[in-house]
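Visitor: Sharing data29.txt here; it has compact mmCIF, C-alpha atoms.
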```txt
# COMPACT_ATOMS: atom_id res chain seq x y z
CA MET A 1 -59.42 -4.11 12.75
CA VAL A 2 -59.12 -1.82 9.75
CA LYS A 3 -58.34 1.10 12.09
CA LEU A 4 -55.58 -0.89 13.81
CA ALA A 5 -54.09 -1.80 10.44
CA ALA A 6 -54.22 1.85 9.38
CA VAL A 7 -52.55 2.99 12.60
CA LEU A 8 -49.80 0.37 12.27
CA ALA A 9 -49.35 0.96 8.55
CA VAL A 10 -47.92 4.46 8.92
CA PRO A 11 -45.00 3.63 11.28
CA LEU A 12 -44.37 0.37 9.44
CA ALA A 13 -44.21 2.18 6.11
CA LEU A 14 -41.90 4.79 7.63
CA LEU A 15 -39.71 2.05 9.08
CA ALA A 16 -39.63 0.24 5.74
CA THR A 17 -38.73 3.47 3.93
CA VAL A 18 -35.91 4.24 6.35
CA ALA A 19 -34.67 0.63 6.15
CA SER A 20 -34.79 0.66 2.36
CA LEU A 21 -32.65 3.80 2.30
CA GLY A 22 -30.08 2.21 4.60
CA VAL A 23 -29.21 2.24 8.28
CA MET A 24 -25.81 2.63 9.87
CA VAL A 25 -25.66 0.52 13.02
CA VAL A 26 -23.23 0.95 15.88
CA ASP A 27 -23.32 -2.25 17.94
CA VAL A 28 -21.36 -2.38 21.20
CA ARG A 29 -21.30 -5.53 23.33
CA GLU A 30 -19.42 -5.38 26.61
CA GLY A 31 -18.05 -8.62 27.94
CA GLY A 32 -18.80 -10.07 31.34
CA PRO A 33 -22.05 -11.02 33.04
CA ASN A 34 -23.07 -7.37 33.54
CA GLY A 35 -21.85 -6.18 30.17
CA HIS A 36 -24.07 -3.81 28.30
CA HIS A 37 -25.31 -4.29 24.79
CA ILE A 38 -25.84 -0.97 23.05
CA VAL A 39 -27.22 -0.76 19.55
CA VAL A 40 -27.50 2.65 17.90
CA PRO A 41 -29.16 2.57 14.48
CA VAL A 42 -28.72 5.76 12.49
CA PRO A 43 -30.75 6.06 9.29
CA LEU A 44 -28.34 6.74 6.46
CA VAL A 45 -30.53 9.58 5.20
CA LEU A 46 -30.04 11.32 8.56
CA ALA A 47 -26.28 10.87 8.39
CA GLN A 48 -26.30 12.12 4.80
CA ALA A 49 -28.45 15.11 5.75
CA ALA A 50 -26.15 15.91 8.66
CA VAL A 51 -23.08 15.79 6.42
CA ALA A 52 -24.78 17.75 3.64
CA LEU A 53 -25.97 20.44 6.04
CA ALA A 54 -22.70 20.73 7.96
CA PRO A 55 -21.34 24.29 7.91
CA ALA A 56 -18.82 24.74 5.09
CA ASP A 57 -16.16 26.08 7.47
CA LYS A 58 -16.35 22.86 9.52
CA LEU A 59 -15.59 20.85 6.38
CA ARG A 60 -12.46 22.77 5.52
CA VAL A 61 -8.94 21.59 6.17
CA PRO A 62 -6.59 24.41 7.20
CA GLU A 63 -4.15 25.30 4.44
CA ASN A 64 -0.79 23.97 5.52
CA GLU A 65 1.92 21.68 4.25
CA GLY A 66 -0.29 18.64 4.68
CA LEU A 67 -2.68 19.99 2.07
CA GLN A 68 0.10 19.80 -0.55
CA HIS A 69 0.03 16.03 -0.28
CA VAL A 70 -3.70 15.70 -0.87
CA GLY A 71 -3.05 15.60 -4.62
CA VAL A 72 -0.69 12.64 -4.16
CA ALA A 73 -3.23 10.88 -1.93
CA ARG A 74 -5.97 11.41 -4.52
CA GLU A 75 -3.78 10.09 -7.36
CA VAL A 76 -2.80 7.04 -5.30
CA LEU A 77 -6.38 6.27 -4.26
CA GLU A 78 -7.62 6.61 -7.84
CA ALA A 79 -4.84 4.35 -9.10
CA LEU A 80 -5.57 1.84 -6.32
CA ALA A 81 -9.26 1.81 -7.23
CA LYS A 82 -8.35 0.84 -10.80
CA ALA A 83 -5.60 -1.63 -9.78
CA PRO A 84 -6.13 -5.38 -9.47
CA ASP A 85 -6.96 -6.85 -6.07
CA GLY A 86 -4.16 -8.07 -3.86
CA GLU A 87 -2.32 -8.00 -0.57
CA LEU A 88 -0.74 -4.57 -0.20
CA VAL A 89 0.95 -4.81 3.19
CA ARG A 90 1.71 -7.64 5.62
CA VAL A 91 3.56 -7.03 8.87
CA GLU A 92 4.30 -10.12 10.92
CA GLU A 93 5.76 -9.57 14.36
CA ARG A 94 5.99 -11.72 17.48
CA ASP A 95 2.76 -10.42 18.95
CA GLU A 96 0.94 -8.82 16.05
CA LEU A 97 -0.13 -9.43 12.50
CA VAL A 98 -1.26 -6.57 10.28
CA VAL A 99 -2.60 -7.24 6.80
CA ILE A 100 -3.88 -4.62 4.38
CA THR A 101 -5.56 -5.89 1.25
CA LYS A 102 -7.47 -4.40 -1.62
CA GLU A 103 -10.59 -6.26 -2.58
CA GLY A 104 -12.92 -4.74 -5.11
CA GLY A 105 -13.48 -1.13 -4.23
CA GLN A 106 -12.43 -1.53 -0.63
CA ILE A 107 -9.28 -1.49 1.43
CA HIS A 108 -9.38 -4.01 4.27
CA VAL A 109 -7.18 -3.48 7.30
CA ARG A 110 -6.88 -6.51 9.59
CA VAL A 111 -4.92 -6.45 12.84
CA HIS A 112 -4.60 -9.59 14.95
CA GLY A 113 -2.94 -9.45 18.34
CA SER A 114 -1.44 -12.41 20.15
CA LYS A 115 -3.89 -11.93 23.03
CA GLY A 116 -6.84 -12.48 20.76
CA GLU A 117 -7.55 -8.86 19.83
CA ASP A 118 -8.94 -8.51 16.35
CA VAL A 119 -9.50 -5.29 14.47
CA ASN A 120 -11.09 -5.27 11.03
CA VAL A 121 -11.64 -2.02 9.20
CA ASN A 122 -13.02 -1.72 5.69
CA VAL A 123 -12.51 1.55 3.87
CA PRO A 124 -14.55 2.00 0.68
CA LEU A 125 -12.18 3.75 -1.72
CA HIS A 126 -14.85 5.98 -3.21
CA VAL A 127 -15.77 7.30 0.25
CA ALA A 128 -12.11 7.93 1.05
CA LEU A 129 -11.80 9.83 -2.25
CA GLN A 130 -14.82 11.97 -1.48
CA ALA A 131 -13.53 12.68 2.02
CA LEU A 132 -10.33 14.20 0.60
CA PRO A 133 -10.33 17.99 0.46
CA ASP A 134 -9.75 19.89 -2.79
CA ALA A 135 -6.71 22.10 -3.44
CA HIS A 136 -8.25 24.83 -1.26
CA GLY A 137 -8.93 22.49 1.65
CA ARG A 138 -12.68 22.23 1.03
CA ILE A 139 -14.46 18.90 1.45
CA SER A 140 -17.53 18.52 -0.74
CA ALA A 141 -20.30 17.69 1.74
CA LEU A 142 -22.75 16.78 -0.99
CA ALA A 143 -20.39 14.36 -2.73
CA LEU A 144 -19.43 12.80 0.62
CA ALA A 145 -23.10 12.40 1.57
CA GLU A 146 -23.88 10.79 -1.78
CA SER A 147 -20.97 8.39 -1.49
CA LEU A 148 -22.32 7.09 1.84
CA SER A 149 -25.35 5.60 0.10
CA ALA A 150 -23.05 3.27 -1.83
CA VAL A 151 -21.60 1.64 1.28
CA ARG A 152 -24.72 -0.36 2.13
CA PHE A 153 -24.29 -3.93 3.37
CA THR A 154 -20.74 -3.17 4.43
CA ASP A 155 -19.04 -3.95 7.72
CA LEU A 156 -17.02 -0.79 8.29
CA VAL A 157 -15.46 -1.61 11.65
CA ASP A 158 -15.30 -4.80 13.70
CA VAL A 159 -13.23 -4.79 16.88
CA ARG A 160 -12.97 -7.70 19.31
CA ASP A 161 -10.95 -7.37 22.47
CA GLY A 162 -11.45 -10.11 25.00
CA ASN A 163 -15.20 -10.34 25.48
CA ASP A 164 -15.86 -6.84 24.17
CA HIS A 165 -17.12 -6.50 20.65
CA VAL A 166 -17.74 -3.28 18.71
CA ARG A 167 -19.22 -3.36 15.25
CA VAL A 168 -20.15 -0.55 12.87
CA TYR A 169 -21.95 -1.65 9.76
CA VAL A 170 -24.26 -0.28 7.15
CA TRP A 171 -27.37 -2.27 6.46
CA MET B 1 -23.55 -42.26 -11.76
CA ARG B 2 -25.41 -38.96 -11.56
CA LYS B 3 -23.96 -38.33 -8.10
CA SER B 4 -20.39 -38.89 -9.24
CA VAL B 5 -20.92 -36.58 -12.23
CA LEU B 6 -22.19 -33.86 -9.89
CA VAL B 7 -19.23 -34.37 -7.54
CA GLY B 8 -16.90 -34.16 -10.55
CA ILE B 9 -18.48 -30.92 -11.75
CA GLY B 10 -18.30 -29.48 -8.25
CA LEU B 11 -14.62 -30.33 -7.89
CA ALA B 12 -13.85 -28.91 -11.33
CA ALA B 13 -15.64 -25.67 -10.40
CA LEU B 14 -13.70 -25.46 -7.14
CA VAL B 15 -10.39 -25.93 -8.93
CA SER B 16 -11.22 -23.37 -11.60
CA LEU B 17 -12.35 -20.69 -9.13
CA PRO B 18 -9.55 -18.59 -7.68
CA ALA B 19 -9.53 -18.88 -3.91
CA LYS B 20 -10.24 -15.69 -2.01
CA GLY B 21 -6.99 -14.02 -1.12
CA ALA B 22 -4.99 -16.46 -3.20
CA ILE B 23 -1.79 -15.42 -4.91
CA ALA B 24 -2.62 -14.83 -8.53
CA GLN B 25 -1.00 -13.65 -11.73
CA THR B 26 -2.67 -10.33 -12.42
CA GLY B 27 -0.99 -9.39 -15.71
CA THR B 28 -0.10 -6.11 -14.03
CA PRO B 29 3.45 -5.61 -12.80
CA TRP B 30 3.70 -5.41 -9.01
CA ILE B 31 6.68 -4.13 -7.08
CA HIS B 32 7.39 -6.09 -3.92
CA VAL B 33 9.47 -5.01 -0.95
CA ARG B 34 10.30 -7.51 1.77
CA VAL B 35 12.17 -6.61 4.93
CA GLU B 36 13.07 -9.28 7.47
CA GLU B 37 14.64 -8.56 10.81
CA ALA B 38 15.77 -11.73 12.52
CA LYS B 39 16.26 -10.26 16.00
CA LYS B 40 12.78 -8.76 16.13
CA ALA B 41 11.27 -11.79 14.38
CA SER B 42 9.68 -9.21 12.12
CA LYS B 43 8.69 -9.59 8.49
CA VAL B 44 7.30 -6.67 6.53
CA SER B 45 5.95 -7.11 3.02
CA VAL B 46 4.73 -4.33 0.80
CA ASN B 47 3.24 -5.10 -2.59
CA LEU B 48 2.08 -2.36 -4.91
CA PRO B 49 0.90 -2.37 -8.49
CA LEU B 50 3.37 -0.27 -10.48
CA THR B 51 0.44 1.79 -11.72
CA VAL B 52 -0.03 3.01 -8.14
CA VAL B 53 3.68 3.78 -7.77
CA GLU B 54 3.55 5.65 -11.07
CA ALA B 55 0.59 7.71 -9.88
CA ALA B 56 2.34 8.57 -6.62
CA LEU B 57 5.62 9.48 -8.30
CA GLN B 58 3.91 11.57 -10.94
CA ALA B 59 2.11 13.55 -8.27
CA ALA B 60 5.16 13.85 -6.02
CA PRO B 61 8.21 14.78 -8.11
CA GLU B 62 7.61 18.50 -7.65
CA ILE B 63 9.36 17.98 -4.32
CA LEU B 64 12.44 16.88 -6.29
CA GLU B 65 11.95 19.43 -9.03
CA LYS B 66 11.62 22.31 -6.57
CA GLN B 67 15.10 21.50 -5.32
CA GLY B 68 16.33 21.10 -8.90
CA LYS B 69 19.15 18.89 -7.70
CA LEU B 70 19.68 15.43 -6.39
CA HIS B 71 21.54 15.71 -3.14
CA LEU B 72 24.20 13.07 -2.98
CA GLY B 73 25.39 13.55 0.56
CA GLY B 74 26.20 16.63 2.59
CA HIS B 75 28.62 18.55 0.35
CA HIS B 76 28.49 16.67 -2.91
CA ASP B 77 25.57 18.09 -4.84
CA LEU B 78 25.33 17.23 -8.51
CA SER B 79 22.76 18.93 -10.68
CA LEU B 80 20.56 16.68 -12.78
CA ALA B 81 22.04 18.27 -15.88
CA ASP B 82 25.53 17.24 -14.70
CA MET B 83 24.36 13.73 -13.95
CA ARG B 84 22.67 13.51 -17.36
CA ASN B 85 25.87 14.50 -19.13
CA LEU B 86 27.88 12.08 -17.03
CA TRP B 87 25.43 9.30 -17.87
CA LYS B 88 25.66 10.05 -21.62
CA GLN B 89 29.45 9.68 -21.48
CA LEU B 90 29.20 6.43 -19.53
CA ALA B 91 26.51 5.01 -21.80
CA ALA B 92 28.74 5.62 -24.81
CA ALA B 93 31.59 3.71 -23.14
CA GLY B 94 29.74 0.36 -23.18
CA ASP B 95 30.55 -2.41 -20.68
CA ALA B 96 32.92 -1.07 -18.09
CA GLU B 97 33.72 -0.79 -14.43
CA ILE B 98 32.36 2.68 -13.80
CA VAL B 99 33.30 3.11 -10.16
CA SER B 100 35.58 1.09 -7.96
CA VAL B 101 36.31 2.20 -4.41
CA GLU B 102 38.31 0.07 -2.03
CA SER B 103 38.65 1.24 1.51
CA PRO B 104 39.27 -0.45 4.88
CA ASP B 105 35.54 -0.18 5.64
CA GLU B 106 33.94 -1.12 2.38
CA ASN B 107 34.33 -1.96 -1.28
CA VAL B 108 32.05 -0.28 -3.77
CA LYS B 109 31.77 -1.27 -7.40
CA VAL B 110 29.50 0.15 -10.05
CA THR B 111 29.70 -1.72 -13.32
CA ARG B 112 27.83 -1.86 -16.56
CA LYS B 113 27.28 -5.38 -17.87
CA GLY B 114 25.23 -5.51 -21.02
CA ASN B 115 21.85 -3.99 -20.27
CA LEU B 116 22.39 -3.80 -16.52
CA ILE B 117 24.00 -1.35 -14.16
CA GLN B 118 25.18 -3.27 -11.10
CA VAL B 119 26.02 -1.61 -7.82
CA LEU B 120 27.81 -3.82 -5.34
CA VAL B 121 28.65 -2.60 -1.86
CA ASP B 122 30.47 -4.93 0.50
CA GLN B 123 30.86 -3.45 3.92
CA LYS B 124 33.62 -5.20 5.80
CA PRO B 125 33.17 -6.51 9.35
CA LYS B 126 33.88 -3.83 11.94
CA ALA B 127 37.40 -3.53 13.27
CA GLY B 128 38.33 -6.14 15.84
CA LYS B 129 35.72 -8.55 14.57
CA THR B 130 36.25 -11.35 12.13
CA PRO B 131 33.76 -13.46 10.25
CA GLU B 132 34.68 -16.29 12.58
CA ALA B 133 33.66 -14.26 15.60
CA GLY B 134 30.03 -15.08 15.01
CA PRO B 135 26.91 -13.54 13.51
CA ALA B 136 27.50 -10.14 15.14
CA ALA B 137 30.58 -9.64 12.96
CA LYS B 138 28.79 -10.36 9.70
CA ALA B 139 29.42 -8.03 6.83
CA GLU B 140 26.78 -6.02 5.02
CA GLN B 141 26.14 -6.58 1.36
CA VAL B 142 24.12 -4.45 -0.99
CA ARG B 143 23.28 -5.57 -4.51
CA VAL B 144 21.42 -3.24 -6.83
CA GLU B 145 20.66 -4.09 -10.44
CA VAL B 146 19.03 -1.47 -12.61
CA PRO B 147 18.50 -1.87 -16.35
CA VAL B 148 20.29 0.76 -18.43
CA SER B 149 16.96 1.55 -20.11
CA VAL B 150 15.50 2.66 -16.75
CA VAL B 151 18.36 5.09 -16.14
CA ASP B 152 18.12 6.29 -19.76
CA ALA B 153 14.41 6.92 -19.27
CA LEU B 154 14.97 8.69 -15.95
CA PHE B 155 17.43 11.09 -17.56
CA SER B 156 15.27 11.68 -20.63
CA GLY B 157 13.71 14.72 -18.97
CA GLU B 158 14.76 18.26 -19.74
CA GLY B 159 16.94 20.54 -17.62
CA ASP B 160 16.72 19.84 -13.91
CA THR B 161 13.88 17.34 -14.10
CA VAL B 162 13.85 13.58 -14.08
CA ASN B 163 11.38 11.75 -16.29
CA VAL B 164 9.72 9.62 -13.65
CA LYS B 165 6.91 8.56 -15.96
CA ALA B 166 9.33 7.16 -18.52
CA ALA B 167 11.40 5.42 -15.81
CA VAL B 168 8.34 3.72 -14.32
CA ALA B 169 7.21 2.75 -17.83
CA GLU B 170 10.58 1.02 -18.27
CA LEU B 171 10.26 -0.61 -14.84
CA GLN B 172 6.94 -2.07 -15.97
CA LYS B 173 8.85 -4.16 -18.50
CA LEU B 174 11.26 -5.45 -15.85
CA ARG B 175 10.76 -8.74 -13.99
CA GLY B 176 13.00 -10.01 -11.23
CA ASP B 177 15.17 -8.68 -8.41
CA ILE B 178 16.19 -5.03 -8.31
CA VAL B 179 17.68 -4.61 -4.85
CA GLN B 180 19.05 -7.02 -2.28
CA VAL B 181 20.53 -5.92 1.02
CA HIS B 182 21.91 -8.30 3.60
CA ASP B 183 23.40 -7.28 6.90
CA GLU B 184 23.88 -9.06 10.16
CA ASP B 185 20.24 -8.79 11.14
CA THR B 186 18.26 -7.44 8.22
CA THR B 187 17.43 -8.68 4.77
CA VAL B 188 15.80 -6.40 2.23
CA ARG B 189 14.63 -7.55 -1.16
CA VAL B 190 12.89 -5.51 -3.85
CA TRP B 191 11.61 -7.21 -6.97
CA ILE B 192 8.99 -6.98 -9.68
CA ASP B 193 6.65 -9.69 -10.91
CA GLU B 194 3.00 -10.04 -11.84
CA GLN B 195 1.77 -11.62 -8.62
CA ASN B 196 -0.62 -9.80 -6.31
CA ALA B 197 1.11 -11.02 -3.13
CA GLN B 198 4.48 -12.38 -2.15
CA ALA B 199 4.68 -15.91 -3.46
CA ALA B 200 6.26 -18.57 -1.29
CA ARG B 201 7.21 -15.90 1.28
CA LYS B 202 10.78 -16.04 0.06
```
Would you write the structure of this file as structure tokens?
Guide:
Amino acid sequence: MVKLAAVLAVPLALLATVASLGVMVVDVREGGPNGHHIVVPVPLVLAQAAVALAPADKLRVPENEGLQHVGVAREVLEALAKAPDGELVRVEERDELVVITKEGGQIHVRVHGSKGEDVNVNVPLHVALQALPDAHGRISALALAESLSAVRFTDLVDVRDGNDHVRVYVW
Amino acid sequence: MRKSVLVGIGLAALVSLPAKGAIAQTGTPWIHVRVEEAKKASKVSVNLPLTVVEAALQAAPEILEKQGKLHLGGHHDLSLADMRNLWKQLAAAGDAEIVSVESPDENVKVTRKGNLIQVLVDQKPKAGKTPEAGPAAKAEQVRVEVPVSVVDALFSGEGDTVNVKAAVAELQKLRGDIVQVHDEDTTVRVWIDEQNAQAARK
């Protein structure tokens, strides 16, 4: 009995450690009677390690005109992070509703189609800021990896289309 | 008795809590843009805290400064220095009709009334159409109202630069409509208040 407990303790402790550090879950449910249900849990530490160890040249944005606007994007994101919450954009059309709101440190994008499609995306502002390259086009892998740990208990993406449902969340 | 007290407290708490997503006074000035297109049944609302606009404009004006000039149409370039001088002369003149253009297509009037610069553009119905001919013949109207202090602030920069920071700081004091455009199909309204969404969906 003690042996069994000892054998089970190691994987359970590992599982608990991984869970306590956070898990990103990709959950895909296909509609229909034969629809698949795929759940891919990725420990956040693995994702952070992958980002942190990514080759520097792969985390570099080529220097072009687009890079000139990164400064503006950074200023805007920083100002948005400090700004009060509110509805930033609402587009109402015959067959689509798009609403972008700022709530706390997140930007929520909600798209609702007339045929029942629903897309919800939550962008944590601090992650978006860390994902922006510097003036030389370099993205700081370490800062980006660190910022991921602060997105726990967040639904990043939720897409429903008919009976299909895709969800990406951090637990 | 105890139950009714609890219900009362619960209701009071509900009333005092701001509802999620509710329109609220934030104390921060927000600029609102609303575009409605009747034919497309489309309504677009953009609401931004002026602090965000200020940040964007402060980071972006090098685009304007690189050019050094405001381009007012194809062959009518005026340098900022010219415009600044022109503005100083006009500001000294007090209330006046600054520009008045009457043509078969449109009437344009730029006037100064007290602390406001008003730009009124009335585009006449296209030839062959009359207002009685129906909605397709409707005229286009543009109303722009800018406080003198905002223009003063904009031109307070040196040389070929505009002082965007000072202009936005002046805008932060402004409340109410700035721009209204009406044409046969589209309505555009730009205004500033302290609400974090578009109240009453005007």
Visitor: Just to confirm, what's the straight-line distance from atom CA of Glu117 of chain A to atom CA of Val170 of chain A in Å (one decimal)?
Guide: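 Computing it gives 22.7 Å between the two atoms.
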Visitor: At a cut-off of 10 Å, can you tabulate as a tab-separated table every residue of chain A near chain B together with its closest atom pair and the distance in Å to one decimal, using all atoms listed in the file and ordering rows by chain then number?
Guide:
```
residue	atom	partner	partner_atom	distance
A:Gln68	CA	B:Ala60	CA	9.5
A:His69	CA	B:Ala60	CA	8.0
A:Val70	CA	B:Ala59	CA	9.7
A:Gly71	CA	B:Ala59	CA	6.6
A:Val72	CA	B:Ala59	CA	5.1
A:Ala73	CA	B:Ala56	CA	7.6
A:Arg74	CA	B:Ala56	CA	9.0
A:Glu75	CA	B:Ala55	CA	5.6
A:Val76	CA	B:Ala56	CA	5.5
A:Leu77	CA	B:Val52	CA	8.1
A:Glu78	CA	B:Val52	CA	8.4
A:Ala79	CA	B:Val52	CA	5.1
A:Leu80	CA	B:Val52	CA	5.9
A:Ala81	CA	B:Val52	CA	9.4
A:Lys82	CA	B:Thr51	CA	8.9
A:Ala83	CA	B:Pro49	CA	6.7
A:Pro84	CA	B:Thr26	CA	6.7
A:Asp85	CA	B:Asn196	CA	7.0
A:Gly86	CA	B:Asn196	CA	4.6
A:Glu87	CA	B:Ala197	CA	5.2
A:Leu88	CA	B:Asn47	CA	4.7
A:Val89	CA	B:Val46	CA	4.5
A:Arg90	CA	B:Ser45	CA	5.0
A:Val91	CA	B:Val44	CA	4.4
A:Glu92	CA	B:Lys43	CA	5.0
A:Glu93	CA	B:Ser42	CA	4.5
A:Arg94	CA	B:Ala41	CA	6.1
A:Asp95	CA	B:Ala41	CA	9.8
A:Glu96	CA	B:Ser42	CA	9.6
A:Leu97	CA	B:Lys43	CA	9.7
A:Val98	CA	B:Val44	CA	9.3
A:Val99	CA	B:Ser45	CA	9.3
A:Ile100	CA	B:Val46	CA	9.3
A:Thr101	CA	B:Gly21	CA	8.6
A:Lys102	CA	B:Gly21	CA	9.6
A:Glu103	CA	B:Gly21	CA	8.7
```
Visitor: Which is closer to Thr154 of chain A than all the others in A:Val121, A:Leu67, A:Val51, A:Ala6, using all atoms listed in the file?
Guide: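 Checking each candidate against Thr154 of chain A, we get A:Val121 as the closest.
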Visitor: From the set A:Ile139, A:Val168, A:Leu125, A:Val25, which residue has the shortest atom-to-atom contact distance to Pro62 of chain A, counting only C-alpha atoms?
Guide: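 Using only C-alpha atoms, the shortest distance to Pro62 of chain A belongs to A:Ile139.
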Visitor: Separation of atom CA of Leu156 of chain A and atom CA of His136 of chain A, in Å?
Guide: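 For atom CA of Leu156 of chain A relative to atom CA of His136 of chain A, the distance reads 28.7 Å.
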Visitor: Go ahead and compute the interatomic distance for atom CA of Ser114 of chain A and atom CA of Asp185 of chain B, in Å to one decimal.
Guide: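 If I compute the distance from atom CA of Ser114 of chain A to atom CA of Asp185 of chain B, I get 23.8 Å.
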Visitor: With only C-alpha atoms as the atoms that count, which of A:Lys3, A:Val61, A:Val159, A:Ala9 lies nearest to Gly113 of chain A?
Guide: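 Using only C-alpha atoms, Gly113 of chain A sits closest to A:Val159.
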Visitor: Using all atoms listed in the file, find all polymer residues with an atom at most 6 Å away from the point (24.4, -7.6, 6.1); report them as a list in words.
Guide: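 The residues near that point, listed by chain and number, are Ala139, Glu140, Gln141, His182, Asp183 and Glu184 of chain B.
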Visitor: Quick one: segment 69-80 of chain A with N, CA, C and O atoms, as a PDB file, in the coordinates of the input?
Guide:
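For reference, result_17.pdb as written:
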```pdb
ATOM      1  N   HIS A  69      -0.054  17.463   0.026  1.00  0.00           N
ATOM      2  CA  HIS A  69       0.030  16.030  -0.280  1.00  0.00           C
ATOM      3  C   HIS A  69      -1.316  15.409  -0.617  1.00  0.00           C
ATOM      4  O   HIS A  69      -1.386  14.217  -0.903  1.00  0.00           O
ATOM      5  N   VAL A  70      -2.367  16.221  -0.561  1.00  0.00           N
ATOM      6  CA  VAL A  70      -3.700  15.700  -0.870  1.00  0.00           C
ATOM      7  C   VAL A  70      -3.752  15.231  -2.323  1.00  0.00           C
ATOM      8  O   VAL A  70      -4.357  14.206  -2.635  1.00  0.00           O
ATOM      9  N   GLY A  71      -3.084  15.972  -3.203  1.00  0.00           N
ATOM     10  CA  GLY A  71      -3.050  15.600  -4.620  1.00  0.00           C
ATOM     11  C   GLY A  71      -2.436  14.219  -4.798  1.00  0.00           C
ATOM     12  O   GLY A  71      -2.953  13.400  -5.567  1.00  0.00           O
ATOM     13  N   VAL A  72      -1.344  13.950  -4.084  1.00  0.00           N
ATOM     14  CA  VAL A  72      -0.690  12.640  -4.160  1.00  0.00           C
ATOM     15  C   VAL A  72      -1.657  11.563  -3.657  1.00  0.00           C
ATOM     16  O   VAL A  72      -1.821  10.507  -4.288  1.00  0.00           O
ATOM     17  N   ALA A  73      -2.299  11.862  -2.512  1.00  0.00           N
ATOM     18  CA  ALA A  73      -3.230  10.880  -1.930  1.00  0.00           C
ATOM     19  C   ALA A  73      -4.362  10.578  -2.901  1.00  0.00           C
ATOM     20  O   ALA A  73      -4.744   9.411  -3.079  1.00  0.00           O
ATOM     21  N   ARG A  74      -4.872  11.610  -3.567  1.00  0.00           N
ATOM     22  CA  ARG A  74      -5.970  11.410  -4.520  1.00  0.00           C
ATOM     23  C   ARG A  74      -5.504  10.540  -5.692  1.00  0.00           C
ATOM     24  O   ARG A  74      -6.174   9.594  -6.087  1.00  0.00           O
ATOM     25  N   GLU A  75      -4.317  10.869  -6.234  1.00  0.00           N
ATOM     26  CA  GLU A  75      -3.780  10.090  -7.360  1.00  0.00           C
ATOM     27  C   GLU A  75      -3.607   8.616  -6.974  1.00  0.00           C
ATOM     28  O   GLU A  75      -3.939   7.725  -7.739  1.00  0.00           O
ATOM     29  N   VAL A  76      -3.059   8.411  -5.760  1.00  0.00           N
ATOM     30  CA  VAL A  76      -2.800   7.040  -5.300  1.00  0.00           C
ATOM     31  C   VAL A  76      -4.118   6.285  -5.108  1.00  0.00           C
ATOM     32  O   VAL A  76      -4.251   5.127  -5.532  1.00  0.00           O
ATOM     33  N   LEU A  77      -5.101   6.941  -4.485  1.00  0.00           N
ATOM     34  CA  LEU A  77      -6.380   6.270  -4.260  1.00  0.00           C
ATOM     35  C   LEU A  77      -7.073   5.936  -5.578  1.00  0.00           C
ATOM     36  O   LEU A  77      -7.659   4.861  -5.726  1.00  0.00           O
ATOM     37  N   GLU A  78      -6.995   6.867  -6.537  1.00  0.00           N
ATOM     38  CA  GLU A  78      -7.620   6.610  -7.840  1.00  0.00           C
ATOM     39  C   GLU A  78      -6.922   5.462  -8.558  1.00  0.00           C
ATOM     40  O   GLU A  78      -7.576   4.601  -9.151  1.00  0.00           O
ATOM     41  N   ALA A  79      -5.590   5.438  -8.462  1.00  0.00           N
ATOM     42  CA  ALA A  79      -4.840   4.350  -9.100  1.00  0.00           C
ATOM     43  C   ALA A  79      -5.139   3.026  -8.403  1.00  0.00           C
ATOM     44  O   ALA A  79      -5.273   1.988  -9.060  1.00  0.00           O
ATOM     45  N   LEU A  80      -5.258   3.068  -7.077  1.00  0.00           N
ATOM     46  CA  LEU A  80      -5.570   1.840  -6.320  1.00  0.00           C
ATOM     47  C   LEU A  80      -6.943   1.308  -6.702  1.00  0.00           C
ATOM     48  O   LEU A  80      -7.142   0.100  -6.838  1.00  0.00           O
TER      49      LEU A  80
END
```
